[in-house]
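Q: Got a structure for you, coords_23.cif, holding mmCIF, C-alpha atoms.
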data_my_file
#
loop_
_atom_site.label_atom_id
_atom_site.label_comp_id
_atom_site.auth_asym_id
_atom_site.auth_seq_id
_atom_site.Cartn_x
_atom_site.Cartn_y
_atom_site.Cartn_z
CA MET J 1 5.24 -64.59 -76.57
CA LYS J 2 7.13 -63.02 -73.71
CA THR J 3 6.31 -65.13 -70.71
CA LEU J 4 7.96 -66.80 -67.79
CA ASN J 5 7.44 -70.49 -67.45
CA ARG J 6 5.68 -71.80 -64.40
CA ARG J 7 8.87 -73.00 -62.78
CA ASP J 8 10.65 -69.64 -63.09
CA PHE J 9 7.57 -67.91 -61.88
CA GLY J 10 7.30 -70.19 -58.87
CA VAL J 11 10.95 -69.61 -57.92
CA GLU J 12 10.67 -65.87 -58.31
CA PHE J 13 7.50 -65.78 -56.32
CA GLY J 14 9.08 -67.94 -53.63
CA LEU J 15 12.05 -65.57 -53.37
CA ALA J 16 9.77 -62.57 -53.18
CA LEU J 17 7.87 -64.25 -50.39
CA ALA J 18 11.05 -65.13 -48.51
CA ALA J 19 12.30 -61.55 -48.88
CA ALA J 20 9.03 -60.24 -47.57
CA ILE J 21 9.14 -62.44 -44.50
CA LEU J 22 12.71 -61.32 -43.76
CA LEU J 23 12.07 -57.69 -44.54
CA PRO J 24 10.31 -56.48 -41.38
CA ALA J 25 13.01 -58.00 -39.13
CA THR J 26 15.93 -56.45 -41.05
CA LYS J 27 14.48 -52.98 -41.53
CA ALA J 28 15.55 -50.35 -39.06
CA ARG J 29 12.43 -48.34 -39.75
CA ALA J 30 9.12 -50.10 -39.92
CA ASP J 31 7.36 -47.49 -41.99
CA ASP J 32 8.23 -48.29 -45.56
CA ILE J 33 7.03 -51.71 -46.57
CA GLU J 34 6.49 -52.23 -50.28
CA ILE J 35 4.15 -54.55 -52.12
CA HIS J 36 4.43 -55.00 -55.85
CA ILE J 37 1.74 -56.02 -58.26
CA ASP J 38 3.31 -58.24 -60.91
CA ASN J 39 1.39 -60.58 -63.18
CA PHE J 40 -1.89 -59.86 -61.38
CA VAL J 41 -0.44 -61.01 -58.05
CA PHE J 42 0.23 -59.00 -54.89
CA GLN J 43 3.80 -59.79 -53.86
CA PRO J 44 4.01 -60.64 -51.08
CA ALA J 45 0.38 -61.71 -50.87
CA GLU J 46 0.54 -61.94 -47.08
CA LEU J 47 2.44 -59.65 -44.74
CA LYS J 48 2.87 -59.18 -40.97
CA ILE J 49 3.60 -55.63 -39.87
CA LYS J 50 3.65 -53.49 -36.71
CA VAL J 51 1.05 -50.83 -35.94
CA GLY J 52 2.11 -47.52 -37.49
CA THR J 53 3.68 -49.08 -40.57
CA THR J 54 3.06 -47.52 -43.96
CA VAL J 55 2.60 -49.94 -46.82
CA THR J 56 3.07 -48.79 -50.41
CA TRP J 57 1.70 -50.78 -53.32
CA THR J 58 3.19 -50.31 -56.80
CA ASN J 59 1.38 -51.58 -59.89
CA ARG J 60 3.99 -53.02 -62.25
CA ASP J 61 1.44 -54.59 -64.63
CA ASP J 62 0.49 -53.20 -68.04
CA ILE J 63 -3.12 -53.26 -66.85
CA PRO J 64 -4.64 -50.97 -64.18
CA ASN J 65 -5.35 -52.45 -60.76
CA THR J 66 -6.87 -51.24 -57.50
CA ILE J 67 -6.35 -52.01 -53.81
CA VAL J 68 -9.55 -52.25 -51.80
CA SER J 69 -10.09 -53.40 -48.23
CA ALA J 70 -13.84 -53.28 -47.59
CA GLY J 71 -14.62 -50.48 -45.15
CA LYS J 72 -10.90 -49.80 -44.47
CA PHE J 73 -9.21 -48.31 -47.50
CA ARG J 74 -9.64 -47.98 -51.25
CA SER J 75 -7.07 -46.77 -53.76
CA LYS J 76 -7.80 -44.91 -56.96
CA THR J 77 -7.24 -46.96 -60.08
CA LEU J 78 -3.49 -47.43 -60.41
CA ASP J 79 -2.12 -47.34 -63.93
CA THR J 80 1.30 -48.83 -64.66
CA ASP J 81 3.90 -47.73 -62.04
CA ASP J 82 1.31 -45.79 -60.01
CA LYS J 83 1.57 -46.15 -56.22
CA PHE J 84 -0.84 -46.21 -53.29
CA SER J 85 0.16 -45.92 -49.62
CA PHE J 86 -1.74 -46.62 -46.44
CA THR J 87 -0.59 -46.30 -42.83
CA PHE J 88 -1.96 -48.99 -40.52
CA THR J 89 -2.79 -47.37 -37.17
CA ASN J 90 -4.89 -50.21 -35.77
CA ALA J 91 -4.03 -53.86 -35.14
CA GLY J 92 -6.02 -56.49 -36.97
CA ASP J 93 -6.28 -58.58 -40.12
CA TYR J 94 -6.80 -56.56 -43.30
CA LYS J 95 -7.98 -58.60 -46.24
CA TYR J 96 -7.84 -56.70 -49.50
CA PHE J 97 -8.36 -57.30 -53.22
CA CYS J 98 -8.35 -55.65 -56.63
CA SER J 99 -11.89 -54.50 -57.43
CA LEU J 100 -11.22 -54.83 -61.17
CA HIS J 101 -9.72 -58.33 -60.96
CA PRO J 102 -11.23 -59.81 -57.80
CA HIS J 103 -9.25 -63.02 -58.08
CA MET J 104 -6.30 -60.89 -56.89
CA THR J 105 -6.36 -60.98 -53.09
CA GLY J 106 -3.94 -60.15 -50.28
CA MET J 107 -3.77 -60.00 -46.51
CA ILE J 108 -1.95 -57.75 -44.05
CA LYS J 109 -1.76 -58.76 -40.40
CA VAL J 110 -1.08 -55.75 -38.18
CA GLU J 111 0.22 -56.41 -34.66
CA MET L 1 -13.65 -63.51 -94.15
CA SER L 2 -16.57 -61.23 -94.02
CA GLY L 3 -19.40 -63.69 -94.47
CA HIS L 4 -21.22 -61.02 -96.38
CA ASP L 5 -20.12 -61.75 -99.89
CA HIS L 6 -23.14 -62.39 -101.97
CA GLY L 7 -23.81 -62.76 -105.64
CA ASP L 8 -23.15 -65.90 -107.61
CA ASP L 9 -19.41 -65.71 -108.07
CA GLY L 10 -18.87 -68.55 -105.61
CA VAL L 11 -16.14 -68.54 -103.04
CA SER L 12 -13.19 -66.44 -104.08
CA ARG L 13 -9.62 -67.62 -103.66
CA ARG L 14 -9.03 -64.91 -101.11
CA LYS L 15 -12.03 -66.01 -99.14
CA VAL L 16 -10.84 -69.62 -99.12
CA LEU L 17 -7.48 -68.47 -97.80
CA GLU L 18 -9.17 -66.39 -95.15
CA CYS L 19 -11.31 -69.34 -94.16
CA MET L 20 -8.21 -71.48 -93.85
CA THR L 21 -6.61 -68.92 -91.61
CA TRP L 22 -9.68 -68.84 -89.50
CA ALA L 23 -9.92 -72.62 -89.29
CA GLY L 24 -6.25 -72.68 -88.31
CA THR L 25 -6.96 -70.30 -85.48
CA GLY L 26 -9.64 -72.64 -84.19
CA VAL L 27 -7.31 -75.60 -84.25
CA LEU L 28 -4.58 -73.64 -82.55
CA TRP L 29 -6.46 -73.02 -79.40
CA THR L 30 -7.98 -76.46 -79.31
CA ILE L 31 -4.41 -77.54 -78.70
CA THR L 32 -3.30 -74.82 -76.33
CA GLY L 33 -6.52 -74.70 -74.36
CA GLY L 34 -7.13 -76.90 -71.39
CA VAL L 35 -10.79 -76.24 -70.66
CA PRO L 36 -13.83 -77.79 -72.32
CA ARG L 37 -14.77 -75.73 -75.36
CA SER L 38 -14.73 -75.33 -79.11
CA LEU L 39 -17.27 -78.04 -79.82
CA GLY L 40 -19.08 -75.70 -82.14
CA ILE L 41 -16.39 -74.10 -84.22
CA ILE L 42 -17.92 -72.86 -87.43
CA ASP L 43 -16.34 -74.72 -90.34
CA PRO L 44 -15.62 -73.01 -93.65
CA ALA L 45 -18.62 -74.68 -95.30
CA GLN L 46 -20.90 -73.21 -92.70
CA ALA L 47 -19.15 -69.89 -93.04
CA ALA L 48 -19.87 -69.94 -96.76
CA THR L 49 -23.59 -70.43 -96.16
CA ALA L 50 -23.57 -67.27 -94.10
CA ALA L 51 -23.34 -65.43 -97.39
CA ALA L 52 -27.04 -66.13 -97.83
CA PRO L 53 -29.42 -63.37 -96.72
CA GLY L 54 -30.64 -63.00 -93.18
CA MET L 55 -29.90 -60.46 -90.48
CA THR L 56 -26.26 -59.78 -89.81
CA PHE L 57 -24.87 -57.78 -86.95
CA LEU L 58 -21.34 -57.18 -85.79
CA GLN L 59 -19.59 -57.62 -82.49
CA ILE L 60 -16.63 -55.45 -81.60
CA SER L 61 -14.94 -55.69 -78.22
CA ASP L 62 -12.16 -54.56 -75.95
CA SER L 63 -10.98 -51.56 -77.94
CA HIS L 64 -9.06 -50.28 -74.85
CA VAL L 65 -8.66 -46.82 -76.32
CA GLY L 66 -5.79 -45.18 -74.42
CA PHE L 67 -3.73 -48.37 -74.14
CA ASP L 68 -0.17 -47.59 -75.27
CA LYS L 69 1.98 -50.34 -73.75
CA PRO L 70 4.42 -52.53 -75.73
CA ALA L 71 1.75 -55.13 -76.62
CA ASN L 72 0.22 -52.43 -78.87
CA PRO L 73 1.44 -48.83 -78.59
CA ASN L 74 -1.45 -47.63 -80.76
CA ALA L 75 -4.75 -49.21 -79.75
CA LEU L 76 -6.66 -46.33 -81.34
CA GLY L 77 -4.93 -47.11 -84.64
CA THR L 78 -5.96 -50.76 -84.61
CA LEU L 79 -9.53 -49.76 -83.72
CA GLU L 80 -9.44 -47.53 -86.75
CA GLU L 81 -8.27 -50.49 -88.85
CA ALA L 82 -11.14 -52.60 -87.51
CA VAL L 83 -13.58 -49.86 -88.48
CA GLY L 84 -12.01 -49.75 -91.93
CA LYS L 85 -12.57 -53.49 -92.21
CA ILE L 86 -16.21 -53.10 -91.18
CA ASN L 87 -16.77 -50.30 -93.67
CA ALA L 88 -15.28 -52.45 -96.43
CA MET L 89 -17.76 -55.26 -95.86
CA PRO L 90 -19.79 -55.77 -99.04
CA ALA L 91 -23.11 -55.96 -97.19
CA LYS L 92 -23.83 -53.42 -94.50
CA PRO L 93 -24.60 -55.10 -91.15
CA SER L 94 -27.84 -54.12 -89.41
CA PHE L 95 -26.08 -52.79 -86.34
CA MET L 96 -23.17 -53.43 -84.01
CA ILE L 97 -22.74 -54.47 -80.39
CA HIS L 98 -19.69 -53.48 -78.36
CA THR L 99 -18.99 -55.87 -75.49
CA GLY L 100 -17.06 -53.47 -73.30
CA ASP L 101 -13.66 -52.09 -72.39
CA ILE L 102 -14.23 -49.32 -74.87
CA THR L 103 -11.53 -47.37 -73.05
CA HIS L 104 -8.48 -48.37 -71.06
CA LEU L 105 -8.79 -45.92 -68.15
CA SER L 106 -12.28 -44.35 -68.49
CA LYS L 107 -10.83 -40.96 -69.41
CA ALA L 108 -13.12 -38.50 -71.18
CA ALA L 109 -10.65 -38.16 -74.05
CA GLU L 110 -10.54 -41.95 -74.45
CA PHE L 111 -14.34 -42.15 -74.68
CA ASP L 112 -14.33 -39.25 -77.14
CA ASN L 113 -11.67 -40.85 -79.34
CA ALA L 114 -13.48 -44.19 -79.32
CA GLU L 115 -16.72 -42.49 -80.33
CA ARG L 116 -15.02 -40.51 -83.08
CA ILE L 117 -13.66 -43.70 -84.68
CA ILE L 118 -16.56 -46.10 -84.05
CA SER L 119 -19.13 -43.59 -85.34
CA GLN L 120 -17.40 -43.79 -88.72
CA THR L 121 -19.17 -47.13 -89.24
CA LYS L 122 -22.45 -45.14 -89.33
CA LEU L 123 -24.06 -48.10 -87.54
CA ASP L 124 -26.21 -48.12 -84.43
CA VAL L 125 -24.00 -49.42 -81.65
CA HIS L 126 -25.37 -51.15 -78.54
CA TYR L 127 -22.83 -51.03 -75.74
CA VAL L 128 -22.28 -52.85 -72.49
CA PRO L 129 -19.51 -51.70 -70.14
CA GLY L 130 -16.30 -53.49 -69.27
CA GLU L 131 -14.52 -52.96 -65.96
CA HIS L 132 -12.20 -50.48 -67.71
CA ASP L 133 -15.18 -48.25 -68.53
CA PHE L 134 -16.16 -47.71 -64.89
CA ILE L 135 -12.91 -46.48 -63.34
CA ASP L 136 -13.35 -42.71 -63.53
CA GLU L 137 -13.61 -41.17 -60.09
CA GLU L 138 -17.36 -40.54 -60.22
CA VAL L 139 -18.17 -43.51 -62.46
CA LYS L 140 -20.29 -41.31 -64.68
CA LEU L 141 -18.58 -40.98 -68.08
CA TYR L 142 -19.85 -44.30 -69.48
CA ARG L 143 -23.36 -43.73 -68.14
CA GLU L 144 -23.56 -40.20 -69.52
CA ARG L 145 -22.70 -41.52 -72.96
CA TYR L 146 -24.29 -44.95 -73.13
CA GLY L 147 -26.48 -45.33 -70.07
CA ARG L 148 -29.57 -43.52 -71.33
CA ASP L 149 -32.64 -45.75 -71.54
CA THR L 150 -30.94 -48.49 -69.54
CA LYS L 151 -31.69 -49.97 -66.13
CA GLY L 152 -29.45 -50.28 -63.08
CA HIS L 153 -25.78 -50.06 -64.02
CA GLY L 154 -26.65 -50.12 -67.72
CA TRP L 155 -28.56 -53.29 -68.66
CA TYR L 156 -31.33 -53.29 -71.29
CA SER L 157 -32.97 -55.33 -74.01
CA PHE L 158 -34.19 -54.70 -77.54
CA ASP L 159 -35.58 -56.62 -80.50
CA ALA L 160 -34.14 -56.70 -83.99
CA GLY L 161 -34.87 -58.96 -86.93
CA GLY L 162 -36.99 -61.29 -84.82
CA VAL L 163 -34.20 -61.80 -82.28
CA HIS L 164 -34.42 -60.65 -78.66
CA PHE L 165 -31.15 -59.04 -77.52
CA VAL L 166 -30.24 -58.53 -73.87
CA GLY L 167 -27.24 -56.43 -72.83
CA LEU L 168 -26.03 -57.34 -69.33
CA VAL L 169 -23.54 -55.72 -66.94
CA ASN L 170 -21.27 -58.07 -64.99
CA VAL L 171 -18.41 -55.75 -64.04
CA VAL L 172 -19.88 -53.97 -61.00
CA ASP L 173 -19.67 -54.79 -57.31
CA LEU L 174 -17.17 -57.60 -57.76
CA LYS L 175 -16.43 -59.58 -54.61
CA ALA L 176 -12.95 -60.42 -53.28
CA GLY L 177 -11.83 -63.78 -54.58
CA GLY L 178 -14.77 -63.95 -56.99
CA LEU L 179 -15.57 -63.58 -60.68
CA GLY L 180 -17.82 -61.31 -62.72
CA ASN L 181 -21.12 -60.43 -61.06
CA LEU L 182 -24.65 -59.75 -62.32
CA GLY L 183 -26.34 -59.28 -58.96
CA ALA L 184 -29.85 -60.03 -57.71
CA GLU L 185 -31.48 -56.87 -59.08
CA GLN L 186 -30.31 -57.51 -62.63
CA LEU L 187 -31.23 -61.20 -62.49
CA THR L 188 -34.76 -60.34 -61.35
CA TRP L 189 -35.02 -57.85 -64.20
CA LEU L 190 -33.78 -60.48 -66.68
CA GLU L 191 -36.33 -63.03 -65.51
CA ASP L 192 -39.09 -60.43 -65.99
CA ASP L 193 -37.72 -59.35 -69.34
CA LEU L 194 -37.86 -62.90 -70.72
CA ARG L 195 -41.21 -63.78 -69.20
CA GLY L 196 -43.94 -64.25 -71.76
CA LYS L 197 -41.54 -64.43 -74.70
CA SER L 198 -42.28 -67.25 -77.11
CA LYS L 199 -39.80 -70.09 -76.63
CA SER L 200 -39.12 -69.99 -80.34
CA THR L 201 -37.74 -66.43 -80.08
CA PRO L 202 -33.97 -66.56 -80.63
CA ILE L 203 -32.19 -64.97 -77.68
CA VAL L 204 -28.84 -63.20 -77.70
CA LEU L 205 -27.29 -62.38 -74.33
CA PHE L 206 -24.23 -60.14 -74.43
CA ALA L 207 -21.98 -58.96 -71.60
CA HIS L 208 -18.34 -58.11 -71.11
CA ILE L 209 -16.97 -60.94 -68.94
CA PRO L 210 -17.85 -64.45 -70.16
CA LEU L 211 -21.11 -65.64 -68.58
CA TRP L 212 -19.69 -69.17 -68.56
CA THR L 213 -16.68 -70.25 -66.56
CA VAL L 214 -13.70 -70.13 -68.89
CA TYR L 215 -10.84 -70.03 -66.37
CA PRO L 216 -11.67 -69.02 -62.80
CA GLN L 217 -7.98 -68.81 -61.82
CA TRP L 218 -7.84 -65.66 -63.95
CA GLY L 219 -11.32 -64.47 -63.05
CA TRP L 220 -12.67 -65.48 -66.46
CA GLY L 221 -16.25 -66.27 -65.62
CA THR L 222 -19.34 -64.86 -63.91
CA GLU L 223 -20.18 -65.84 -60.36
CA ASP L 224 -23.95 -65.90 -60.90
CA GLY L 225 -23.90 -66.47 -64.68
CA ALA L 226 -25.58 -69.85 -64.21
CA HIS L 227 -28.69 -68.08 -62.89
CA ALA L 228 -28.98 -66.04 -66.08
CA LEU L 229 -28.57 -69.20 -68.15
CA GLU L 230 -31.29 -70.89 -66.09
CA TYR L 231 -33.78 -68.28 -67.38
CA VAL L 232 -33.00 -68.96 -71.04
CA LYS L 233 -33.01 -72.74 -70.74
CA GLY L 234 -36.40 -73.28 -72.37
CA PHE L 235 -35.61 -71.20 -75.46
CA GLY L 236 -34.82 -72.99 -78.69
CA SER L 237 -31.89 -70.80 -79.71
CA VAL L 238 -29.63 -68.96 -77.29
CA THR L 239 -26.37 -67.22 -78.18
CA VAL L 240 -24.09 -65.75 -75.51
CA LEU L 241 -21.57 -63.19 -76.77
CA ASN L 242 -18.76 -61.92 -74.56
CA GLY L 243 -15.38 -60.18 -74.68
CA HIS L 244 -12.85 -59.60 -71.88
CA ILE L 245 -10.48 -62.48 -72.70
CA HIS L 246 -9.19 -61.03 -76.00
CA GLN L 247 -9.36 -64.28 -77.93
CA VAL L 248 -11.91 -66.39 -79.77
CA MET L 249 -13.39 -69.20 -77.75
CA GLN L 250 -16.57 -71.12 -78.38
CA LYS L 251 -18.56 -73.93 -76.89
CA VAL L 252 -22.04 -75.31 -77.36
CA GLU L 253 -24.17 -76.70 -74.59
CA GLY L 254 -27.57 -77.94 -75.69
CA ASN L 255 -29.32 -74.98 -77.28
CA VAL L 256 -26.80 -72.46 -76.01
CA THR L 257 -23.81 -71.30 -78.04
CA PHE L 258 -21.14 -69.40 -76.12
CA HIS L 259 -18.68 -67.26 -78.00
CA THR L 260 -16.03 -64.71 -77.13
CA ALA L 261 -14.65 -62.13 -79.56
CA ARG L 262 -11.16 -60.90 -80.22
CA SER L 263 -10.04 -57.49 -78.98
CA THR L 264 -9.14 -54.72 -81.37
CA ALA L 265 -6.32 -53.65 -79.02
CA PHE L 266 -4.06 -56.47 -77.78
CA PRO L 267 -4.09 -60.26 -77.39
CA GLN L 268 -4.17 -62.13 -74.10
CA PRO L 269 -2.80 -65.62 -73.51
CA ALA L 270 -4.81 -68.83 -73.68
CA PRO L 271 -5.93 -69.96 -70.22
CA GLY L 272 -2.94 -71.07 -68.17
CA ALA L 273 -0.49 -70.51 -71.04
CA ALA L 274 1.29 -67.68 -69.18
CA PRO L 275 1.80 -66.66 -65.54
CA SER L 276 -0.98 -64.07 -65.85
CA PRO L 277 -3.75 -62.93 -68.20
CA GLY L 278 -1.82 -59.71 -68.99
CA PRO L 279 -1.33 -58.38 -72.54
CA ILE L 280 1.05 -60.49 -74.59
CA LYS L 281 3.66 -58.90 -76.77
CA VAL L 282 3.94 -60.66 -80.11
CA GLU L 283 6.04 -59.75 -83.14
CA ASP L 284 4.62 -56.69 -84.89
CA ALA L 285 3.92 -58.77 -87.98
CA LYS L 286 1.71 -61.13 -85.99
CA LEU L 287 -0.30 -58.65 -83.94
CA ARG L 288 -3.08 -58.04 -86.45
CA ALA L 289 -3.77 -61.74 -86.86
CA MET L 290 -4.67 -61.79 -83.17
CA LEU L 291 -7.00 -58.77 -83.25
CA GLY L 292 -10.34 -58.55 -84.98
CA VAL L 293 -14.12 -58.39 -84.98
CA ALA L 294 -16.94 -60.93 -85.24
CA SER L 295 -19.95 -60.94 -87.51
CA ILE L 296 -23.05 -62.87 -86.58
CA ASN L 297 -25.67 -63.98 -89.09
CA PHE L 298 -29.16 -65.06 -88.19
CA LYS L 299 -31.50 -66.86 -90.52
CA GLN L 300 -35.10 -67.63 -89.70
CA ASN L 301 -35.69 -71.30 -88.88
CA GLU L 302 -32.07 -72.03 -88.18
CA GLN L 303 -31.39 -72.78 -84.60
CA ARG L 304 -27.82 -71.59 -84.43
CA LEU L 305 -26.50 -68.24 -85.44
CA ALA L 306 -23.46 -68.37 -87.68
CA ILE L 307 -20.55 -66.55 -86.08
CA ILE L 308 -17.56 -65.58 -88.15
CA ASP L 309 -14.44 -64.12 -86.60
CA THR L 310 -12.41 -61.88 -88.83
CA PRO L 311 -8.86 -60.95 -87.86
CA LEU L 312 -7.55 -57.52 -88.85
CA GLN L 313 -5.00 -59.29 -91.01
CA GLY L 314 -4.27 -62.84 -92.11
#
What does this structure look like when you write it as C-alpha cells?
A:
Amino acid sequence: MKTLNRRDFGVEFGLALAAAILLPATKARADDIEIHIDNFVFQPAELKIKVGTTVTWTNRDDIPNTIVSAGKFRSKTLDTDDKFSFTFTNAGDYKYFCSLHPHMTGMIKVE
Amino acid sequence: MSGHDHGDDGVSRRKVLECMTWAGTGVLWTITGGVPRSLGIIDPAQAATAAAPGMTFLQISDSHVGFDKPANPNALGTLEEAVGKINAMPAKPSFMIHTGDITHLSKAAEFDNAERIISQTKLDVHYVPGEHDFIDEEVKLYRERYGRDTKGHGWYSFDAGGVHFVGLVNVVDLKAGGLGNLGAEQLTWLEDDLRGKSKSTPIVLFAHIPLWTVYPQWGWGTEDGAHALEYVKGFGSVTVLNGHIHQVMQKVEGNVTFHTARSTAFPQPAPGAAPSPGPIKVEDAKLRAMLGVASINFKQNEQRLAIIDTPLQG
C-alpha cells in the first residue's frame, strides 16, 4: 500500500501551510496564488489574499474534485491535474468546498 | 464462492478454499478497522446454506468505467472479469443491482462501455447513481439511461420474490462539511412508499454512499440516513446495501443488516488507514483479491438475507 504515515503527512501539511502563509508577503505579484488538492485536502486550506488576486486550484488526486463557493463560483469537475482559476474582485470571506466530497472545505479571506 | 452451487455433491475443495479466503478477508478488516462493525459476518457454514433454493440477486458496485490511474489502469477490463464471474455462476441470479459510480467521469463513452459489458450478464439491472455519475455538464446522461420511471433524482421501489426493494439517491445537493444527503423530498416519498406495507415484508434499501456512518472524516456516511432508517424500524427484516467505500464492511443493528460491496475497479483504504480515501495501489497480483461482487440470497421465513462477497480472484 503506497501511503504516507500520519506523522509524515502532518509535517508535509504543516510545511505547505507555512509556505502558504509566507507566500503572499514574498510574491512581487499578487495575482498567481496556487492551491493544490492532495489527498482530498485543499492545501493551504485557508488563505489571506488582496483584492484582485487570481487563485488557481490544481487537482493532484487520482479522483475528480470540484471547487464550489455557494453563489460565488463553481468549477467544472477537475480530473487529475486539471486546473481552475478565479479572480477575487471583492473583499470578503469565501468559504468553498468540493461538491463531490463535501468533507473537503477551504476558506479564502480577501482584503 | 458463488453461493449458488446446488446438487448433492457437498462442498467442493475449491469452495472451502474460497470460503477460507473470504473468512480471512473478514478477519483482516476487523483488525484494521477502528469503527464498530462486522458483528454479522457470514461464516462459511452460513454461506454453505445459501446453496439452498430461494431468491438470489447480485450486487455490483463502483465500476468506475474510464478510470485508468495506477491503482488499476484498466477498470473496464476488471468489470469484464466480474461479468465473466457472474456468467459462470451455476445458478442464474434473478436480477442485479448496481450501487453507483458506474462511470468515473460521467462521459457518454464511459456509460456506453459500462452498458456494453454489464448487458452481457443478460440480467435486469436496477441502478442507483454515485456522485461520479452526475458530473456531466448538464447532469443528464445518467437520467437519460437509467432515470426512466424514477422519482426526483432517480429514486424508486419495486417488488421481487416477496421482498420490497427501494433504490435511493444520496449523492445530490451535498452540503459543505457534510456527508451524503437524501433530502426532505426523498424522505417523504420513502415514508409514503413504505406506508401500509406488512411489517413482515423483507425490505432492502440500496444507495451509493453508506446510509450508516462508517467514517465521517472521509465523508463515509449519510447526513439524514437515520431518518430513512427510522421508517424501516418496525419491519422484521431490513437489509441496507451500499457501495462507495470499495471494501466489504458489515454490521447488524437489531433487525437491520448493513453491508457494503467491493468495487470492480480499485480498492480504497480501511477507515483511517491512509491519509485519504483515495485509490490504493497494490501489487498487480493482489488487485483482484480486493475487487469483486456480492450475491444476496433470500429465503422465506429467514430474517436475515445471506450475503456472500466474491472477489475476482483468491
Q: Counting all atoms listed in the file, what is within 8 Å of J:Lys76, bar same-chain residues fewer than 4 positions away, as a VMD selection string?
A: (chain J and resid 66 to 67 84) or (chain L and resid 137)
Q: Could you tell me, as a PyMOL selection string, exactly which residues end up selected when the PyMOL selection byres ((chain L and resi 202) around 6) is applied to this structure?
A: chain L and resi 163+201+203+237-238
Q: Can you give me, as a list in words, the residues this file yields under the PyMOL selection byres ((chain J and resi 72) around 10)?
A: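 Going through the file, the PyMOL selection byres ((chain J and resi 72) around 10) ends up selecting Val68, Ser69, Ala70, Gly71, Phe73, Arg74, Phe86, Phe88, Tyr94, Lys95 and Tyr96 of chain J.
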Q: Pick out the residues sitting within 9 Å of stretch 283-286 of chain L, and hand them over as JSON, numbers by chain; count only C-alpha atoms, and ignore anything fewer than 4 positions along from it in its own chain.
A: {"J": [1], "L": [71, 72, 290, 313, 314]}
Q: Let's have the selection written as a short mmCIF file (atom, residue, chain, number, x, y, z; two decimals), in the coordinates of the input, with C-alpha atoms.
A:
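Contents of again_6.cif, freshly written:
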data_model
loop_
_atom_site.label_atom_id
_atom_site.label_comp_id
_atom_site.auth_asym_id
_atom_site.auth_seq_id
_atom_site.Cartn_x
_atom_site.Cartn_y
_atom_site.Cartn_z
CA MET J 1 5.24 -64.59 -76.57
CA ALA L 71 1.75 -55.13 -76.62
CA ASN L 72 0.22 -52.43 -78.87
CA MET L 290 -4.67 -61.79 -83.17
CA GLN L 313 -5.00 -59.29 -91.01
CA GLY L 314 -4.27 -62.84 -92.11
#
Q: Which residues fall under the PyMOL selection byres ((chain J and resi 36) around 6) in this file, as a ChimeraX atom specification?
A: /J:35,37,42-43,57-58
Q: Rounded to one decimal, what separation in Å do you get between atom CA of L:Pro90 and atom CA of L:Phe258?
A: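 Pair atom CA of L:Pro90 / atom CA of L:Phe258 returns 26.7 Å.
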Q: Could you jot down the atom CA of L:Phe111 to atom CA of L:Gly66 separation for me, Å, one decimal place?
A: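 Distance between the two atoms: 9.1 Å.
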Q: Using all atoms listed in the file, which of the listed residues (L:Lys107, L:Gly183, L:Asp136, L:Gly84) sits closest to L:Lys122?
A: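 Looking at the shortest contact to L:Lys122, the residue is L:Gly84.
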Q: Compare J:Lys50, J:Lys83, J:Lys109, J:His103 by their minimum atom-to-atom distance to chain L, counting only C-alpha atoms, and give me the closest one.
A: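 The answer is J:His103, which sits nearest to chain L.
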Q: Quick check: residues of chain L within 9 Å of chain J, only C-alpha atoms, returned as an mmCIF file with C-alpha atoms, in the coordinates of the input.
A:
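Output below, filename result08.cif:
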data_model
loop_
_atom_site.group_PDB
_atom_site.id
_atom_site.type_symbol
_atom_site.label_atom_id
_atom_site.label_comp_id
_atom_site.auth_asym_id
_atom_site.auth_seq_id
_atom_site.Cartn_x
_atom_site.Cartn_y
_atom_site.Cartn_z
ATOM 1 C CA PHE L 67 -3.730 -48.370 -74.140
ATOM 2 C CA LYS L 69 1.980 -50.340 -73.750
ATOM 3 C CA PRO L 70 4.420 -52.530 -75.730
ATOM 4 C CA ALA L 71 1.750 -55.130 -76.620
ATOM 5 C CA HIS L 104 -8.480 -48.370 -71.060
ATOM 6 C CA LEU L 105 -8.790 -45.920 -68.150
ATOM 7 C CA GLU L 131 -14.520 -52.960 -65.960
ATOM 8 C CA HIS L 132 -12.200 -50.480 -67.710
ATOM 9 C CA ILE L 135 -12.910 -46.480 -63.340
ATOM 10 C CA ASP L 136 -13.350 -42.710 -63.530
ATOM 11 C CA GLU L 137 -13.610 -41.170 -60.090
ATOM 12 C CA VAL L 171 -18.410 -55.750 -64.040
ATOM 13 C CA VAL L 172 -19.880 -53.970 -61.000
ATOM 14 C CA ASP L 173 -19.670 -54.790 -57.310
ATOM 15 C CA LEU L 174 -17.170 -57.600 -57.760
ATOM 16 C CA LYS L 175 -16.430 -59.580 -54.610
ATOM 17 C CA ALA L 176 -12.950 -60.420 -53.280
ATOM 18 C CA GLY L 177 -11.830 -63.780 -54.580
ATOM 19 C CA GLY L 178 -14.770 -63.950 -56.990
ATOM 20 C CA LEU L 179 -15.570 -63.580 -60.680
ATOM 21 C CA GLY L 180 -17.820 -61.310 -62.720
ATOM 22 C CA PRO L 216 -11.670 -69.020 -62.800
ATOM 23 C CA GLN L 217 -7.980 -68.810 -61.820
ATOM 24 C CA TRP L 218 -7.840 -65.660 -63.950
ATOM 25 C CA GLY L 219 -11.320 -64.470 -63.050
ATOM 26 C CA PRO L 269 -2.800 -65.620 -73.510
ATOM 27 C CA ALA L 273 -0.490 -70.510 -71.040
ATOM 28 C CA ALA L 274 1.290 -67.680 -69.180
ATOM 29 C CA PRO L 275 1.800 -66.660 -65.540
ATOM 30 C CA SER L 276 -0.980 -64.070 -65.850
ATOM 31 C CA PRO L 277 -3.750 -62.930 -68.200
ATOM 32 C CA GLY L 278 -1.820 -59.710 -68.990
ATOM 33 C CA PRO L 279 -1.330 -58.380 -72.540
ATOM 34 C CA ILE L 280 1.050 -60.490 -74.590
ATOM 35 C CA LYS L 281 3.660 -58.900 -76.770
ATOM 36 C CA VAL L 282 3.940 -60.660 -80.110
ATOM 37 C CA GLU L 283 6.040 -59.750 -83.140
#
Q: In Å, how far is it from atom CA of L:Tyr156 to atom CA of L:Lys251?
A: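 Computing it gives 24.9 Å between the two atoms.
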Q: Find the spatial neighbours of L:Leu229, counting only C-alpha atoms, within a cut-off of 12 Å - ignore same-chain residues fewer than 6 positions away - and output them as a PyMOL selection string.
A: chain L and resi 182+187+190-191+194+203-206+210-212+222-223+235+238-240+253-258
